[in-house]
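Just run-v1.csv here, CSV, C-alpha atoms:
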```csv
chain,number,residue,atom,x,y,z
A,1,MET,CA,62.8,60.7,266.7
A,2,VAL,CA,64.8,59.0,263.9
A,3,ARG,CA,64.0,60.1,260.3
A,4,THR,CA,65.5,58.6,257.2
A,5,THR,CA,65.1,60.2,253.8
A,6,TYR,CA,65.6,58.5,250.4
A,7,TYR,CA,65.7,59.7,246.9
A,8,TYR,CA,67.3,57.4,244.3
A,9,GLY,CA,69.8,59.0,242.0
A,10,GLY,CA,70.7,56.0,239.9
A,11,VAL,CA,73.6,55.2,242.2
A,12,ASN,CA,73.4,51.5,241.3
A,13,GLY,CA,73.1,52.2,237.5
A,14,ARG,CA,69.6,50.9,237.3
A,15,ASP,CA,66.2,52.2,236.4
A,16,SER,CA,64.5,51.5,239.7
A,17,PRO,CA,65.7,51.9,243.3
A,18,PRO,CA,66.7,48.9,245.4
A,19,VAL,CA,64.5,47.6,248.2
A,20,PHE,CA,66.3,47.0,251.5
A,21,ASP,CA,66.0,46.9,255.3
A,22,GLN,CA,66.6,49.6,257.9
A,23,ILE,CA,67.6,48.7,261.4
A,24,VAL,CA,67.7,50.8,264.6
A,25,ASP,CA,69.9,49.6,267.5
A,26,GLY,CA,69.4,45.9,266.6
A,27,THR,CA,65.7,46.2,265.9
A,28,LEU,CA,64.5,45.5,262.3
A,29,TRP,CA,62.6,48.8,261.7
A,30,GLY,CA,61.2,47.7,258.3
A,31,ILE,CA,61.6,47.6,254.6
A,32,VAL,CA,62.6,50.6,252.6
A,33,ASN,CA,60.7,50.6,249.3
A,34,THR,CA,60.9,53.9,247.4
A,35,THR,CA,59.8,52.6,244.0
A,36,ASP,CA,56.4,54.2,243.9
A,37,ASP,CA,57.5,57.6,245.2
A,38,TYR,CA,60.5,57.6,242.8
A,39,ALA,CA,58.3,57.0,239.8
A,40,ARG,CA,56.3,60.1,240.8
A,41,GLY,CA,59.5,62.2,241.4
A,42,LEU,CA,59.0,62.2,245.1
A,43,VAL,CA,61.3,61.6,248.0
A,44,SER,CA,60.5,58.9,250.6
A,45,TYR,CA,60.9,59.4,254.3
A,46,TYR,CA,60.5,57.1,257.3
A,47,GLU,CA,60.1,58.2,260.8
A,48,GLY,CA,60.3,56.4,264.1
A,49,VAL,CA,60.4,57.1,267.8
A,50,PHE,CA,62.8,55.1,270.0
A,51,VAL,CA,64.5,55.6,273.4
A,52,ALA,CA,68.2,55.9,273.3
A,53,ALA,CA,69.4,53.1,275.5
A,54,GLY,CA,73.0,54.3,275.6
A,55,LYS,CA,75.2,57.3,274.7
A,56,THR,CA,74.9,56.5,271.0
A,57,MET,CA,72.3,55.0,268.6
A,58,SER,CA,72.9,53.2,265.4
A,59,LEU,CA,70.9,53.3,262.1
A,60,CYS,CA,71.9,50.6,259.6
A,61,ILE,CA,70.7,50.0,256.1
A,62,ALA,CA,71.2,46.5,254.7
A,63,ALA,CA,70.6,44.6,251.5
A,64,ASN,CA,68.1,41.8,251.8
A,65,THR,CA,66.7,39.2,249.5
A,66,ASN,CA,64.4,41.6,247.7
A,67,THR,CA,67.1,43.1,245.5
A,68,ASP,CA,70.7,42.2,244.8
A,69,SER,CA,72.0,45.8,244.7
A,70,ASP,CA,73.4,48.0,247.4
A,71,PRO,CA,71.2,50.2,249.6
A,72,PHE,CA,71.5,54.0,249.7
A,73,ILE,CA,70.4,56.9,251.9
A,74,SER,CA,70.0,60.6,251.2
A,75,ALA,CA,69.5,62.1,254.7
A,76,LEU,CA,69.5,60.9,258.3
A,77,GLU,CA,68.2,62.9,261.3
A,78,PHE,CA,68.1,62.2,265.0
A,79,VAL,CA,65.9,64.7,266.9
A,80,LEU,CA,65.6,64.8,270.7
A,81,LEU,CA,61.9,64.9,271.6
A,82,GLY,CA,60.2,66.2,274.8
A,83,ASP,CA,59.7,63.8,277.6
A,84,SER,CA,56.0,64.0,277.3
A,85,LEU,CA,55.7,63.0,273.7
A,86,TYR,CA,54.2,59.5,273.2
A,87,ASN,CA,55.2,58.6,276.7
A,88,SER,CA,52.2,56.3,277.2
A,89,THR,CA,54.2,53.8,275.1
A,90,ASP,CA,56.4,51.3,276.9
A,91,PHE,CA,59.6,52.2,275.1
A,92,GLY,CA,61.5,49.5,277.0
A,93,GLN,CA,59.6,47.0,274.8
A,94,TYR,CA,58.4,49.0,271.8
A,95,GLY,CA,59.3,51.6,269.3
A,96,LEU,CA,56.9,53.6,267.1
A,97,SER,CA,57.1,53.6,263.3
A,98,LEU,CA,55.1,56.4,261.7
A,99,VAL,CA,52.3,55.4,259.3
A,100,ALA,CA,50.6,58.7,258.9
A,101,ARG,CA,50.5,62.2,260.4
A,102,HIS,CA,48.1,64.7,258.9
A,103,SER,CA,46.6,68.2,259.4
A,104,PHE,CA,43.0,67.8,258.4
A,105,GLY,CA,41.5,70.4,256.1
A,106,HIS,CA,45.0,71.8,255.4
A,107,ASN,CA,45.8,72.0,251.7
A,108,GLY,CA,49.1,73.9,251.8
A,109,SER,CA,52.7,72.7,252.2
A,110,ILE,CA,53.8,70.2,254.9
A,111,ILE,CA,53.7,71.8,258.4
A,112,ARG,CA,57.1,71.4,260.1
A,113,TYR,CA,59.7,73.4,261.9
A,114,PRO,CA,59.5,76.2,262.9
A,115,ASP,CA,55.7,75.6,263.3
A,116,ASP,CA,56.5,72.3,264.9
A,117,GLN,CA,59.4,72.7,267.4
A,118,PHE,CA,60.4,69.0,266.9
A,119,ASP,CA,60.3,69.2,263.1
A,120,ARG,CA,57.7,66.6,262.7
A,121,TYR,CA,56.0,66.5,259.3
A,122,TRP,CA,52.2,67.2,259.3
A,123,GLU,CA,51.0,66.5,255.8
A,124,PRO,CA,47.9,68.1,254.2
A,125,PHE,CA,44.7,66.1,254.1
A,126,VAL,CA,41.6,67.5,252.3
A,127,LEU,CA,38.3,65.9,251.5
A,128,SER,CA,35.1,67.1,249.9
A,129,ASN,CA,33.9,67.9,253.4
A,130,PRO,CA,33.7,71.6,254.2
A,131,THR,CA,37.0,72.9,255.7
A,132,MET,CA,37.5,76.3,257.3
A,133,ALA,CA,40.3,78.4,258.7
A,134,SER,CA,39.2,79.1,262.2
A,135,PHE,CA,41.4,80.2,265.0
A,136,ARG,CA,45.0,80.5,266.0
A,137,ASN,CA,45.1,80.7,269.8
A,138,VAL,CA,44.8,77.1,271.0
A,139,PRO,CA,46.9,76.6,274.2
A,140,VAL,CA,48.8,73.6,272.8
A,141,SER,CA,51.1,73.5,275.8
A,142,ASP,CA,48.3,71.6,277.5
A,143,PHE,CA,48.1,69.0,274.6
A,144,TRP,CA,49.4,65.5,274.9
A,145,ASN,CA,52.2,65.1,272.3
A,146,LEU,CA,52.5,68.9,271.8
A,147,PRO,CA,51.0,69.3,268.2
A,148,PRO,CA,51.8,72.6,266.6
A,149,VAL,CA,49.3,75.5,266.8
A,150,LYS,CA,49.1,75.6,263.0
A,151,VAL,CA,47.3,72.3,262.7
A,152,PHE,CA,44.3,73.8,264.5
A,153,GLU,CA,43.8,76.5,261.9
A,154,THR,CA,41.9,74.1,259.7
A,155,GLU,CA,39.5,71.2,260.3
A,156,LEU,CA,37.3,68.6,258.7
A,157,THR,CA,33.7,69.3,259.7
A,158,SER,CA,30.2,69.0,258.3
A,159,SER,CA,27.4,71.3,257.5
A,160,GLY,CA,24.7,71.2,260.2
A,161,MET,CA,24.5,68.1,262.3
A,162,GLU,CA,25.7,65.6,259.7
A,163,PRO,CA,28.3,63.0,260.6
A,164,VAL,CA,31.9,63.3,259.3
A,165,GLU,CA,33.1,60.2,257.6
A,166,PHE,CA,36.5,59.7,255.9
A,167,GLN,CA,39.1,57.0,255.2
A,168,TRP,CA,42.3,57.6,257.1
A,169,PRO,CA,45.2,56.7,256.9
A,170,PRO,CA,44.8,56.9,253.1
A,171,ALA,CA,46.7,53.6,252.5
A,172,SER,CA,45.6,50.0,253.3
A,173,LEU,CA,47.4,48.8,256.5
A,174,PRO,CA,48.8,45.4,257.3
A,175,ASN,CA,47.2,43.6,260.2
A,176,SER,CA,49.1,44.9,263.3
A,177,THR,CA,48.8,46.9,266.5
A,178,TYR,CA,48.9,50.7,266.2
A,179,TYR,CA,49.2,53.8,268.3
A,180,VAL,CA,46.4,56.2,267.2
A,181,ALA,CA,46.2,59.9,268.4
A,182,LEU,CA,43.5,62.3,267.3
A,183,TYR,CA,43.4,66.1,268.0
A,184,PHE,CA,40.4,68.4,268.3
A,185,ALA,CA,39.8,72.0,269.3
A,186,ASP,CA,36.7,74.2,268.9
A,187,ASP,CA,36.7,77.9,267.9
A,188,ARG,CA,33.6,78.7,270.0
A,189,ASP,CA,33.3,79.1,273.7
A,190,SER,CA,29.6,78.9,273.9
A,191,SER,CA,28.7,75.8,271.8
A,192,SER,CA,28.2,72.3,273.0
A,193,ARG,CA,30.1,70.2,270.5
A,194,VAL,CA,29.8,66.6,271.6
A,195,PHE,CA,30.3,63.6,269.3
A,196,ASN,CA,31.2,59.9,269.2
A,197,ILE,CA,34.2,58.5,267.3
A,198,SER,CA,34.2,55.1,265.7
A,199,ILE,CA,37.0,53.3,263.8
A,200,ASN,CA,35.9,50.5,261.4
A,201,GLY,CA,32.6,50.3,263.2
A,202,ILE,CA,34.1,50.0,266.7
A,203,THR,CA,33.7,52.8,269.3
A,204,TYR,CA,36.9,54.6,269.7
A,205,TYR,CA,35.6,57.3,272.1
A,206,HIS,CA,32.1,58.0,273.4
A,207,ASN,CA,30.6,61.4,274.0
A,208,LEU,CA,33.8,63.5,273.4
A,209,SER,CA,33.3,67.1,274.4
A,210,VAL,CA,35.4,69.5,272.4
A,211,THR,CA,35.9,73.1,273.6
A,212,SER,CA,38.3,75.9,272.8
A,213,ASP,CA,40.8,74.4,275.2
A,214,GLY,CA,41.2,71.4,272.9
A,215,VAL,CA,41.5,67.7,273.6
A,216,ALA,CA,43.6,64.8,272.4
A,217,VAL,CA,42.3,61.2,272.3
A,218,PHE,CA,44.8,58.4,271.9
A,219,ALA,CA,44.9,54.6,271.9
A,220,THR,CA,48.2,53.0,272.7
A,221,GLN,CA,47.4,49.6,271.2
A,222,TRP,CA,44.6,49.5,268.6
A,223,LEU,CA,44.2,46.7,266.1
A,224,LEU,CA,43.9,47.7,262.5
A,225,GLY,CA,44.1,46.0,259.1
A,226,GLY,CA,43.2,47.0,255.6
A,227,LEU,CA,41.4,50.3,254.9
A,228,THR,CA,40.4,52.4,257.9
A,229,ASN,CA,37.1,54.2,258.1
A,230,ILE,CA,36.6,56.9,260.7
A,231,ILE,CA,33.1,58.3,261.6
A,232,LEU,CA,32.4,61.3,263.8
A,233,THR,CA,28.7,61.3,264.9
A,234,PRO,CA,27.0,64.0,266.8
A,235,ALA,CA,25.9,62.9,270.3
A,236,ALA,CA,22.6,63.6,271.9
A,237,GLY,CA,22.5,67.1,273.3
A,238,SER,CA,25.1,68.5,270.9
A,239,ASP,CA,24.0,71.7,269.1
A,240,ILE,CA,26.8,71.7,266.5
A,241,GLY,CA,28.4,69.1,264.2
A,242,PRO,CA,31.7,67.2,264.8
A,243,LEU,CA,35.1,68.3,263.7
A,244,ILE,CA,38.7,67.0,263.7
A,245,ASN,CA,41.9,68.9,263.3
A,246,ALA,CA,44.8,66.4,263.1
A,247,GLY,CA,45.8,62.8,263.6
A,248,GLU,CA,48.8,60.5,264.0
A,249,VAL,CA,49.1,56.7,263.5
A,250,PHE,CA,52.2,54.7,264.4
A,251,ASN,CA,52.8,51.0,264.0
A,252,LEU,CA,53.8,49.6,267.4
A,253,LEU,CA,57.1,48.0,266.8
A,254,ARG,CA,58.4,45.3,269.2
A,255,LEU,CA,62.0,45.9,269.9
A,256,GLY,CA,64.4,43.1,269.0
A,257,GLY,CA,66.8,43.7,271.9
A,258,ARG,CA,70.4,44.7,272.2
A,259,THR,CA,73.7,42.9,272.6
A,260,HIS,CA,75.1,43.1,276.2
A,261,THR,CA,76.7,46.6,276.5
A,262,ARG,CA,80.0,45.1,277.8
A,263,ASP,CA,80.4,43.0,274.7
A,264,VAL,CA,79.5,45.9,272.3
A,265,ILE,CA,82.2,48.1,273.9
A,266,ALA,CA,84.7,45.3,273.8
A,267,LEU,CA,84.1,44.5,270.1
A,268,GLU,CA,84.3,48.2,269.2
A,269,SER,CA,87.8,48.2,270.8
A,270,VAL,CA,88.7,45.1,268.8
A,271,LYS,CA,87.5,46.8,265.7
A,272,LYS,CA,89.6,49.9,266.3
A,273,SER,CA,92.8,47.8,266.8
A,274,LEU,CA,92.3,46.1,263.4
A,275,GLU,CA,93.5,48.0,260.3
A,276,ASN,CA,90.9,46.3,258.1
A,277,PRO,CA,88.0,45.0,260.1
A,278,PRO,CA,85.1,43.3,258.3
A,279,HIS,CA,83.0,45.8,256.4
A,280,ASP,CA,79.8,44.9,258.2
A,281,TRP,CA,81.1,45.6,261.7
A,282,ASN,CA,78.6,48.4,262.3
A,283,GLY,CA,75.5,48.7,264.4
A,284,ASP,CA,74.6,46.0,266.9
A,285,PRO,CA,76.9,43.0,266.7
A,286,CYS,CA,74.2,40.3,267.2
A,287,LEU,CA,70.9,41.7,266.2
A,288,PRO,CA,68.8,41.4,264.1
A,289,SER,CA,70.0,37.8,263.9
A,290,GLN,CA,70.1,37.8,260.1
A,291,TYR,CA,72.6,40.7,260.3
A,292,THR,CA,75.1,39.4,262.9
A,293,TRP,CA,78.6,40.7,262.3
A,294,THR,CA,80.9,38.6,260.2
A,295,GLY,CA,82.7,36.0,262.4
A,296,VAL,CA,80.6,36.8,265.5
A,297,THR,CA,78.3,34.1,267.0
A,298,CYS,CA,75.9,35.1,269.8
A,299,SER,CA,73.8,33.5,272.4
A,300,GLU,CA,70.0,33.5,272.4
A,301,GLY,CA,67.6,34.5,275.1
A,302,PRO,CA,67.0,37.8,277.0
A,303,ARG,CA,70.7,38.4,277.7
A,304,ILE,CA,72.6,38.4,274.3
A,305,ARG,CA,76.3,37.7,274.6
A,306,VAL,CA,79.1,37.0,272.1
A,307,VAL,CA,80.1,33.4,272.5
A,308,SER,CA,82.4,32.8,269.5
A,309,LEU,CA,84.8,34.9,267.4
A,310,ASN,CA,85.9,33.3,264.1
A,311,LEU,CA,88.0,35.5,261.8
A,312,SER,CA,90.4,32.9,260.4
A,313,ASN,CA,91.7,33.4,256.9
A,314,MET,CA,90.3,37.0,256.5
A,315,GLY,CA,93.6,38.8,255.8
A,316,LEU,CA,93.3,40.9,258.9
A,317,SER,CA,96.2,43.2,260.0
A,318,GLY,CA,96.7,45.4,263.0
A,319,SER,CA,96.8,44.1,266.6
A,320,LEU,CA,94.5,42.2,268.9
A,321,SER,CA,93.1,44.6,271.5
A,322,PRO,CA,93.3,43.5,275.1
A,323,SER,CA,89.6,44.3,275.3
A,324,VAL,CA,88.9,40.9,273.7
A,325,ALA,CA,89.4,39.6,277.3
A,326,ASN,CA,86.2,41.5,278.2
A,327,LEU,CA,84.1,39.2,276.0
A,328,THR,CA,83.7,36.9,279.0
A,329,ALA,CA,81.1,34.6,277.4
A,330,LEU,CA,83.5,33.5,274.7
A,331,THR,CA,84.0,29.8,274.3
A,332,ASN,CA,85.9,29.9,270.9
A,333,ILE,CA,88.4,32.3,269.4
A,334,TRP,CA,89.6,31.6,265.8
A,335,LEU,CA,92.1,34.1,264.4
A,336,GLY,CA,94.5,31.9,262.5
A,337,ASN,CA,96.1,32.7,259.2
A,338,ASN,CA,96.0,36.5,259.3
A,339,SER,CA,98.7,39.2,259.6
A,340,LEU,CA,98.0,40.3,263.2
A,341,SER,CA,101.1,41.7,265.0
A,342,GLY,CA,102.0,42.9,268.5
A,343,SER,CA,101.7,41.0,271.7
A,344,ILE,CA,99.1,38.3,272.7
A,345,PRO,CA,96.9,39.9,275.4
A,346,ASP,CA,96.1,38.3,278.8
A,347,LEU,CA,93.0,36.2,278.2
A,348,SER,CA,92.8,34.7,281.7
A,349,SER,CA,89.4,36.4,282.3
A,350,LEU,CA,87.8,34.2,279.7
A,351,LYS,CA,86.8,31.4,282.1
A,352,ARG,CA,84.7,29.6,279.5
A,353,LEU,CA,87.2,29.6,276.7
A,354,GLU,CA,87.6,26.1,275.2
A,355,ILE,CA,89.4,26.7,271.9
A,356,LEU,CA,92.0,29.3,271.0
A,357,HIS,CA,93.6,29.5,267.5
A,358,LEU,CA,96.2,32.3,266.9
A,359,GLU,CA,98.6,30.4,264.6
A,360,ASP,CA,100.0,31.8,261.4
A,361,ASN,CA,100.1,35.5,262.4
A,362,GLN,CA,102.9,37.9,263.3
A,363,PHE,CA,102.6,38.1,267.0
A,364,SER,CA,105.7,38.9,269.0
A,365,GLY,CA,106.8,38.4,272.6
A,366,GLU,CA,105.9,35.6,275.0
A,367,ILE,CA,102.8,33.4,275.0
A,368,PRO,CA,101.1,34.5,278.2
A,369,SER,CA,101.5,31.9,281.0
A,370,SER,CA,98.1,32.9,282.2
A,371,LEU,CA,96.6,30.8,279.5
A,372,GLY,CA,97.5,27.8,281.7
A,373,ASN,CA,95.0,29.1,284.3
A,374,ILE,CA,92.0,28.8,282.0
A,375,ASP,CA,90.6,25.4,283.2
A,376,SER,CA,88.2,25.1,280.4
A,377,LEU,CA,90.8,25.5,277.6
A,378,GLN,CA,91.0,22.3,275.6
A,379,GLU,CA,92.7,23.3,272.3
A,380,LEU,CA,95.5,25.8,271.8
```
Render the structure in this file as structure tokens.
Amino acid sequence: MVRTTYYYGGVNGRDSPPVFDQIVDGTLWGIVNTTDDYARGLVSYYEGVFVAAGKTMSLCIAANTNTDSDPFISALEFVLLGDSLYNSTDFGQYGLSLVARHSFGHNGSIIRYPDDQFDRYWEPFVLSNPTMASFRNVPVSDFWNLPPVKVFETELTSSGMEPVEFQWPPASLPNSTYYVALYFADDRDSSSRVFNISINGITYYHNLSVTSDGVAVFATQWLLGGLTNIILTPAAGSDIGPLINAGEVFNLLRLGGRTHTRDVIALESVKKSLENPPHDWNGDPCLPSQYTWTGVTCSEGPRIRVVSLNLSNMGLSGSLSPSVANLTALTNIWLGNNSLSGSIPDLSSLKRLEILHLEDNQFSGEIPSSLGNIDSLQEL
């Protein structure tokens, strides 16, 4: 779980906070817009669930065309989740971006750690429907996604056999595909609490039987758009009205991909050998495509490789790492008119290299004779 927290403190010297993008491992997570929360004196937070595809993950914030001022961030958290959480999602293709997570009938403070061992935020959600504090001994270890026990202490329910109808999530949603999980548990062992669930008039679950053992109902890909109306209707044979304790909604976020690991490692080594690398050499080098590293050109398709390196006339100093030879898809290297020093590394592994410009630097030693073994080299 990745959570970013923002509270604007006037860092840009303006009355309103900037609007900008946030990116996880090359995937455009979404737009950060804290304007409304800031006007009400509130912090803004964004939460997503992603699989770590390597030993590290990256979170980038980047200015976009919405504002011309720098982005900012107040807090950043990476929390390791249990293997069972949300694992019906194909995390090889998708991430989850939190839209809403609520404890229904709860009107206190946000439920989080230590009540939730993963420090997820369960916000209060109260309607005019009757709510009640009921029970505390639900065996949540058997629940999908391991919600905290505390969310089952309150509920939205109805008097008698009336349906329960409410709008949730509270905000209007863009047309997209969502992961929806709803959580229920009864405080009676003897009752027959059976009901139907519909979302925007479409049956979400039919004849759901809720007992003291509890039950979770989830949809991995559910189309939503605009305001969302949920209705819980008693089923035939039920002797008590419906209830609901908690719910989560995530936007299903298609991953943008990652640059080939070999190329990422090589560019990180090149970066370390430079005393003043370009300021935007952070995160994934190639993705999202609108945030490619300065001077880096990448291929398209399922296997993203670095095909060109153009850092001419950038006032670079330091040395050229031998790891540049691991960028085996390179066809062009332009490093002229800088202040690079040290030796020229062996580049013979770059079998596709066509153009190599190293002039007007401060290299020392011999020009490697191995350059003559690169058959594709046309310009030196």
Self-check item: Proximity to Thr228 (chain A) - best of A:Asn313, A:Ser172, A:Asn276, A:Asn12, only C-alpha atoms
Solution: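 Closest candidate: A:Ser172.
Considering the residues A:Thr220, A:Ser317, A:Ser103, A:Ser44 and counting only C-alpha atoms, Trp168 (chain A) has its shortest atom-to-atom contact with A:Ser103.
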Exercise. Go ahead and find all residues with at least one atom no further than 10 Å from (65.6, 52.3, 268.2) in the file's coordinates, using all atoms listed in the file; report them as a PyMOL selection string.
Key: chain A and resi 1-2+23-29+48-53+57-59+91+94-97+253+255-258
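The closest residue to Leu356 (chain A), picked from A:Pro368, A:Gly336, A:Pro234, A:Pro277 and counting all atoms listed in the file, is A:Gly336.
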Quiz item: Can you list, as a ChimeraX atom specification, every protein, DNA or RNA residue that comes within 7 Å of Glu354 (chain A) when you count only C-alpha atoms, leaving out same-chain residues fewer than 6 positions away?
Solution: /A:331-332,376-379
How would region 198-283 of chain A of the given structure read as a file with C-alpha atoms, as a CSV table (one decimal), in the first residue's frame?
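What ended up in decode.csv:
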```
chain,number,residue,atom,x,y,z
A,198,SER,CA,-28.4,-3.8,-5.9
A,199,ILE,CA,-26.1,-1.0,-7.1
A,200,ASN,CA,-27.6,1.6,-9.4
A,201,GLY,CA,-30.5,-0.8,-10.1
A,202,ILE,CA,-28.3,-3.7,-11.0
A,203,THR,CA,-28.2,-6.8,-8.9
A,204,TYR,CA,-24.9,-7.0,-7.1
A,205,TYR,CA,-25.7,-10.0,-4.9
A,206,HIS,CA,-28.8,-12.2,-4.6
A,207,ASN,CA,-30.0,-13.7,-1.4
A,208,LEU,CA,-27.0,-12.9,0.8
A,209,SER,CA,-27.3,-14.7,4.1
A,210,VAL,CA,-25.5,-12.8,7.0
A,211,THR,CA,-24.7,-14.6,10.2
A,212,SER,CA,-22.4,-13.8,13.2
A,213,ASP,CA,-19.6,-15.4,11.3
A,214,GLY,CA,-19.7,-12.5,8.9
A,215,VAL,CA,-19.4,-12.4,5.1
A,216,ALA,CA,-17.6,-10.2,2.5
A,217,VAL,CA,-18.9,-9.7,-1.0
A,218,PHE,CA,-16.7,-8.2,-3.6
A,219,ALA,CA,-16.6,-7.5,-7.3
A,220,THR,CA,-13.2,-7.2,-9.0
A,221,GLN,CA,-14.5,-5.3,-12.1
A,222,TRP,CA,-17.7,-3.3,-11.7
A,223,LEU,CA,-18.6,-0.5,-14.0
A,224,LEU,CA,-19.6,2.7,-12.2
A,225,GLY,CA,-20.2,6.4,-13.2
A,226,GLY,CA,-21.8,9.4,-11.6
A,227,LEU,CA,-23.6,9.0,-8.2
A,228,THR,CA,-23.9,5.5,-6.9
A,229,ASN,CA,-27.0,4.3,-5.2
A,230,ILE,CA,-27.0,1.1,-3.1
A,231,ILE,CA,-30.2,-0.7,-1.9
A,232,LEU,CA,-30.3,-3.6,0.5
A,233,THR,CA,-33.7,-5.3,0.2
A,234,PRO,CA,-35.0,-8.1,2.5
A,235,ALA,CA,-35.4,-11.4,0.7
A,236,ALA,CA,-38.3,-13.8,1.0
A,237,GLY,CA,-38.0,-15.8,4.2
A,238,SER,CA,-36.0,-13.3,6.1
A,239,ASP,CA,-37.3,-12.4,9.5
A,240,ILE,CA,-35.1,-9.3,10.1
A,241,GLY,CA,-34.1,-6.3,8.0
A,242,PRO,CA,-30.8,-5.9,6.2
A,243,LEU,CA,-27.6,-4.3,7.5
A,244,ILE,CA,-24.1,-3.3,6.3
A,245,ASN,CA,-21.0,-2.6,8.3
A,246,ALA,CA,-18.2,-1.4,6.0
A,247,GLY,CA,-17.2,-1.0,2.4
A,248,GLU,CA,-14.3,-0.2,0.1
A,249,VAL,CA,-14.2,1.1,-3.5
A,250,PHE,CA,-11.0,1.2,-5.6
A,251,ASN,CA,-10.6,2.4,-9.1
A,252,LEU,CA,-9.0,-0.3,-11.2
A,253,LEU,CA,-5.8,1.3,-12.6
A,254,ARG,CA,-4.2,-0.3,-15.6
A,255,LEU,CA,-0.4,-0.4,-15.2
A,256,GLY,CA,1.7,1.6,-17.6
A,257,GLY,CA,4.6,-0.9,-17.6
A,258,ARG,CA,8.2,-0.6,-16.6
A,259,THR,CA,11.5,0.0,-18.4
A,260,HIS,CA,13.6,-3.1,-18.8
A,261,THR,CA,15.3,-3.8,-15.5
A,262,ARG,CA,18.7,-4.1,-17.1
A,263,ASP,CA,18.4,-0.6,-18.6
A,264,VAL,CA,17.2,0.9,-15.3
A,265,ILE,CA,20.1,-0.5,-13.4
A,266,ALA,CA,22.6,0.7,-16.1
A,267,LEU,CA,21.1,4.2,-16.1
A,268,GLU,CA,21.2,4.4,-12.3
A,269,SER,CA,25.0,3.6,-12.5
A,270,VAL,CA,25.5,6.3,-15.2
A,271,LYS,CA,23.6,8.7,-12.9
A,272,LYS,CA,25.9,7.9,-10.0
A,273,SER,CA,29.0,8.5,-12.1
A,274,LEU,CA,27.9,12.0,-13.0
A,275,GLU,CA,28.5,14.8,-10.6
A,276,ASN,CA,25.5,16.8,-11.8
A,277,PRO,CA,23.0,14.5,-13.5
A,278,PRO,CA,19.7,16.0,-14.9
A,279,HIS,CA,17.4,16.9,-12.1
A,280,ASP,CA,14.5,14.7,-13.4
A,281,TRP,CA,16.6,11.5,-13.4
A,282,ASN,CA,14.3,9.8,-10.9
A,283,GLY,CA,11.7,7.1,-11.0
```
